[in-house]
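Below: one structure, written as structure tokens.
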Amino acid sequence: MSSHEYTVPVPGVEAAEVPEPGAVTIVVPTFNESANVGQLLHRITESVPSRLPLEVVFVDDSTDDTPEVIRRAARDCPFPVTVLHRAEPVGGLGGAVVEGLKAATSEWVVVMDGDCQHPPSLVPELVATGERSGAALVVASRYLKGGSRAGLAGNYRVAVSRAATWLTKSLFPRRLRGISDPMSGFFAVRRGAITAEVLQPLGYKILLELAVRSRPRQVAEVPFVFQDRFAGESKSTAAEGLRFLRHLAGLRAASPAARVIGFGLIGASGFVPNLGALWALTALGTHYVPAEIIANQFGVAWNFLLIEHLLFRDRRAHRRWWDRLGRFALLANADLVLRIPLIALLVGRFGMSAVTATALALVVTFVLRFVGTEALVYLPRRGGNRTTARRAV
Ligand code: GDD
Ligand code: MN
């Protein structure tokens, strides 16, 4: 170990000023990277200085021989290397990283890809930046001066990445302040600053999950050049893109105000299937009263699907789907049944105009329906021990 020099001085800082680094666990998620892991360990050995106490934890979901290749390559490494192979790839890349965070033992955890797109030579700088600035999270960013996304294959991926970054930053302007590259998969985090139990990773964007749910007090960034893959191809797919959108919706829906707005928008969008069905049924000769009732169920089903997947994805476990659907349909139809007498009351008793009464009735039944849906369909489980749930890793 002593043969490895501290070869990567922090720019603008004299070697003598670099504080003694804290210990680091490098967490590497791998999915069929047998052609890359040897090279990665080699590069880590070459570029991380011996005075930086280091361990590497691979969290592997491979179906190829990646674990064996890692174990073989680890024999030549002057630091401990662990492979955690998961029987089930729960949460994909993000789920793997959370497992790694839980298994890490050092003060600092650096998360990096297993395909050599993230230069290990930056590991000491990420940690040194965190120590110097007191930040709990240090992001390696492609969008800072000096950084670039050279390795992002093709204009299409560059455009998608740009759009995703823009969308994400606009959805979380406060939580992502100071993070120019929330999509980065390369970052250092203080182990004491994260509560792995609050994380609900879904796919690739684990940094986003961490920044939004764990809310590290202070963040810093370091520029980096996203390199070409050493071997093989990206494991990201179109399905992964959809998973990202669901992840974004789930993160955003965690705030009550956003949930009310989402509920309203979804409710409004339900007019489309409702009116569509009404049109089809009356065109087929159905009397408009039964047609209204049936058409309303199309709106209800539409709303239910969207609400389930976008708003309450993480609150479904305590009730079966048909139980949730039944309760939701009951509430939605009660809304319809209640509205007319309520309007009659407002007009007859309180002398309101029909339009004002209808507007008020819509607001009242909307609020009742939202509160009812939260409380009667998706009530978060009680009795769960919150203190243990928030325990730091
Ligand atoms: N354990 C595990 N399970 N690892 C996975 C899984 C999985 O389901 N899916 C992918 N990985 C591993 C890969 O083996 C690789 O080591 C790393 O996660 C990144 O996967 P790539 O498939 O190479 O991702 P990418 O290059 O397209 O995307 C990278 O850059 C993006 C920025 O453009 C990742 O770092 C993304 O997180 C990042 O947003
Ligand atoms: Mn990659």
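Each chain in the structure tokens gets a letter, A, B, ..., in the order shown, and its residues are numbered from 1; ligands are numbered from 1 in order too.
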>> At a cut-off of 8 Å and counting only C-alpha atoms and all ligand atoms, what residues surround ligand 2? Please answer as number ranges by chain.
In response: A: 113-117, 228-229, 233-235
Export of the given selection (N, CA, C and O atoms) as a PDB file, in the first residue's frame:
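For reference, selection12.pdb as written:
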ATOM      1  N   ASP A 113     -19.758   4.404 -10.663  1.00  0.00           N
ATOM      2  CA  ASP A 113     -20.136   3.320 -11.565  1.00  0.00           C
ATOM      3  C   ASP A 113     -18.990   2.326 -11.746  1.00  0.00           C
ATOM      4  O   ASP A 113     -17.825   2.657 -11.559  1.00  0.00           O
ATOM      5  N   GLY A 114     -19.363   1.121 -12.196  1.00  0.00           N
ATOM      6  CA  GLY A 114     -18.376   0.067 -12.349  1.00  0.00           C
ATOM      7  C   GLY A 114     -17.787  -0.030 -13.741  1.00  0.00           C
ATOM      8  O   GLY A 114     -17.040  -0.962 -14.038  1.00  0.00           O
ATOM      9  N   ASP A 115     -18.108   0.932 -14.617  1.00  0.00           N
ATOM     10  CA  ASP A 115     -17.674   0.803 -16.011  1.00  0.00           C
ATOM     11  C   ASP A 115     -16.562   1.785 -16.381  1.00  0.00           C
ATOM     12  O   ASP A 115     -16.298   2.020 -17.556  1.00  0.00           O
ATOM     13  N   CYS A 116     -15.943   2.393 -15.358  1.00  0.00           N
ATOM     14  CA  CYS A 116     -14.817   3.329 -15.534  1.00  0.00           C
ATOM     15  C   CYS A 116     -15.230   4.654 -16.180  1.00  0.00           C
ATOM     16  O   CYS A 116     -14.361   5.395 -16.656  1.00  0.00           O
ATOM     17  N   GLN A 117     -16.521   4.976 -16.177  1.00  0.00           N
ATOM     18  CA  GLN A 117     -16.914   6.297 -16.687  1.00  0.00           C
ATOM     19  C   GLN A 117     -16.626   7.380 -15.651  1.00  0.00           C
ATOM     20  O   GLN A 117     -16.578   8.564 -15.987  1.00  0.00           O
ATOM     21  N   ASP A 228     -15.560   7.771 -21.454  1.00  0.00           N
ATOM     22  CA  ASP A 228     -16.196   6.689 -22.205  1.00  0.00           C
ATOM     23  C   ASP A 228     -16.194   5.428 -21.356  1.00  0.00           C
ATOM     24  O   ASP A 228     -15.319   5.237 -20.523  1.00  0.00           O
ATOM     25  N   ARG A 229     -17.164   4.598 -21.615  1.00  0.00           N
ATOM     26  CA  ARG A 229     -17.184   3.289 -20.982  1.00  0.00           C
ATOM     27  C   ARG A 229     -15.922   2.527 -21.367  1.00  0.00           C
ATOM     28  O   ARG A 229     -15.492   2.582 -22.513  1.00  0.00           O
ATOM     29  N   GLU A 233     -21.816  -2.033 -22.798  1.00  0.00           N
ATOM     30  CA  GLU A 233     -22.774  -0.979 -23.114  1.00  0.00           C
ATOM     31  C   GLU A 233     -23.562  -0.572 -21.887  1.00  0.00           C
ATOM     32  O   GLU A 233     -23.660  -1.327 -20.922  1.00  0.00           O
ATOM     33  N   SER A 234     -24.141   0.638 -21.975  1.00  0.00           N
ATOM     34  CA  SER A 234     -24.982   1.134 -20.883  1.00  0.00           C
ATOM     35  C   SER A 234     -26.129   0.166 -20.623  1.00  0.00           C
ATOM     36  O   SER A 234     -26.679  -0.416 -21.547  1.00  0.00           O
ATOM     37  N   LYS A 235     -26.475   0.017 -19.329  1.00  0.00           N
ATOM     38  CA  LYS A 235     -27.571  -0.878 -18.976  1.00  0.00           C
ATOM     39  C   LYS A 235     -28.895  -0.126 -18.927  1.00  0.00           C
ATOM     40  O   LYS A 235     -29.931  -0.690 -18.617  1.00  0.00           O
TER      41      LYS A 235
END
>> ligand 1: which residues are within 9 Å, counting only C-alpha atoms and all ligand atoms? Reply as a count of residues only.
In response: 59
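Using only C-alpha atoms, the nearest neighbour of A:Gly372 within the list A:Ala211, A:Ala334, A:Ala23, A:Leu278 is A:Ala334.
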> Smallest atom-to-atom distance to A:Phe312: which of A:Leu379, A:Leu284, A:Leu167, A:Leu331, using only C-alpha atoms?
Replying inline: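 Ranking A:Leu379, A:Leu284, A:Leu167, A:Leu331 by distance to A:Phe312, first place goes to A:Leu379.
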>> Between atom CA of A:Trp322 and atom CA of A:Asn296, what distance in Å does the model show, to one decimal?
In response: 18.2 Å
>> Could you go through stretch 167-254 of chain A and tell me which residues DSSP, when run on the backbone, assigns to strand (DSSP E), listing them as a PyMOL selection string?
In response: chain A and resi 187-190+219-223
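For A:Arg315, the list of residues within 12 Å, based on only C-alpha atoms and with local chain neighbours fewer than 2 positions off taken out, reads Gln200, Gly250, Ala253, Ala254, Ile307, Glu308, His309, Leu310, Leu311, Phe312, Arg313, Ala317, His318, Arg319, Arg320, Trp321, Arg324, Thr373, Glu374, Ala375, Leu376, Val377, Tyr378, Leu379, Pro380, Arg381 and Arg382 of chain A.
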>> Based on the backbone DSSP call, show me all residues of stretch 176-370 of chain A assigned helix (DSSP H, G or I), as a ChimeraX atom specification.
In response: /A:191-193,196-198,206-214,238-252,256-269,271-283,288-311,313-315,321-348,354-370
> What lies within 12 Å of A:Thr365 using only C-alpha atoms, ignoring chain neighbours under 5 positions off, as a list in words?
Replying inline: Gly264, Gly267, Leu331, Ala332, Asn333, Ala334, Asp335, Leu336, Val337, Leu338, Arg339, Ile340, Pro341, Leu342, Ile343, Ala357, Thr358, Ala359, Leu360, Phe370, Val371, Gly372 and Thr373 of chain A
> If we count only C-alpha atoms, what is near A:Ala135 at a cut-off of 8 Å, once residues fewer than 4 positions away on the same chain are taken out, given as number ranges by chain?
Replying inline: A: 129-131, 217-220
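Taking atom CA of A:Leu202 as the reference point, atom CA of A:Ala87 is found at 17.2 Å.
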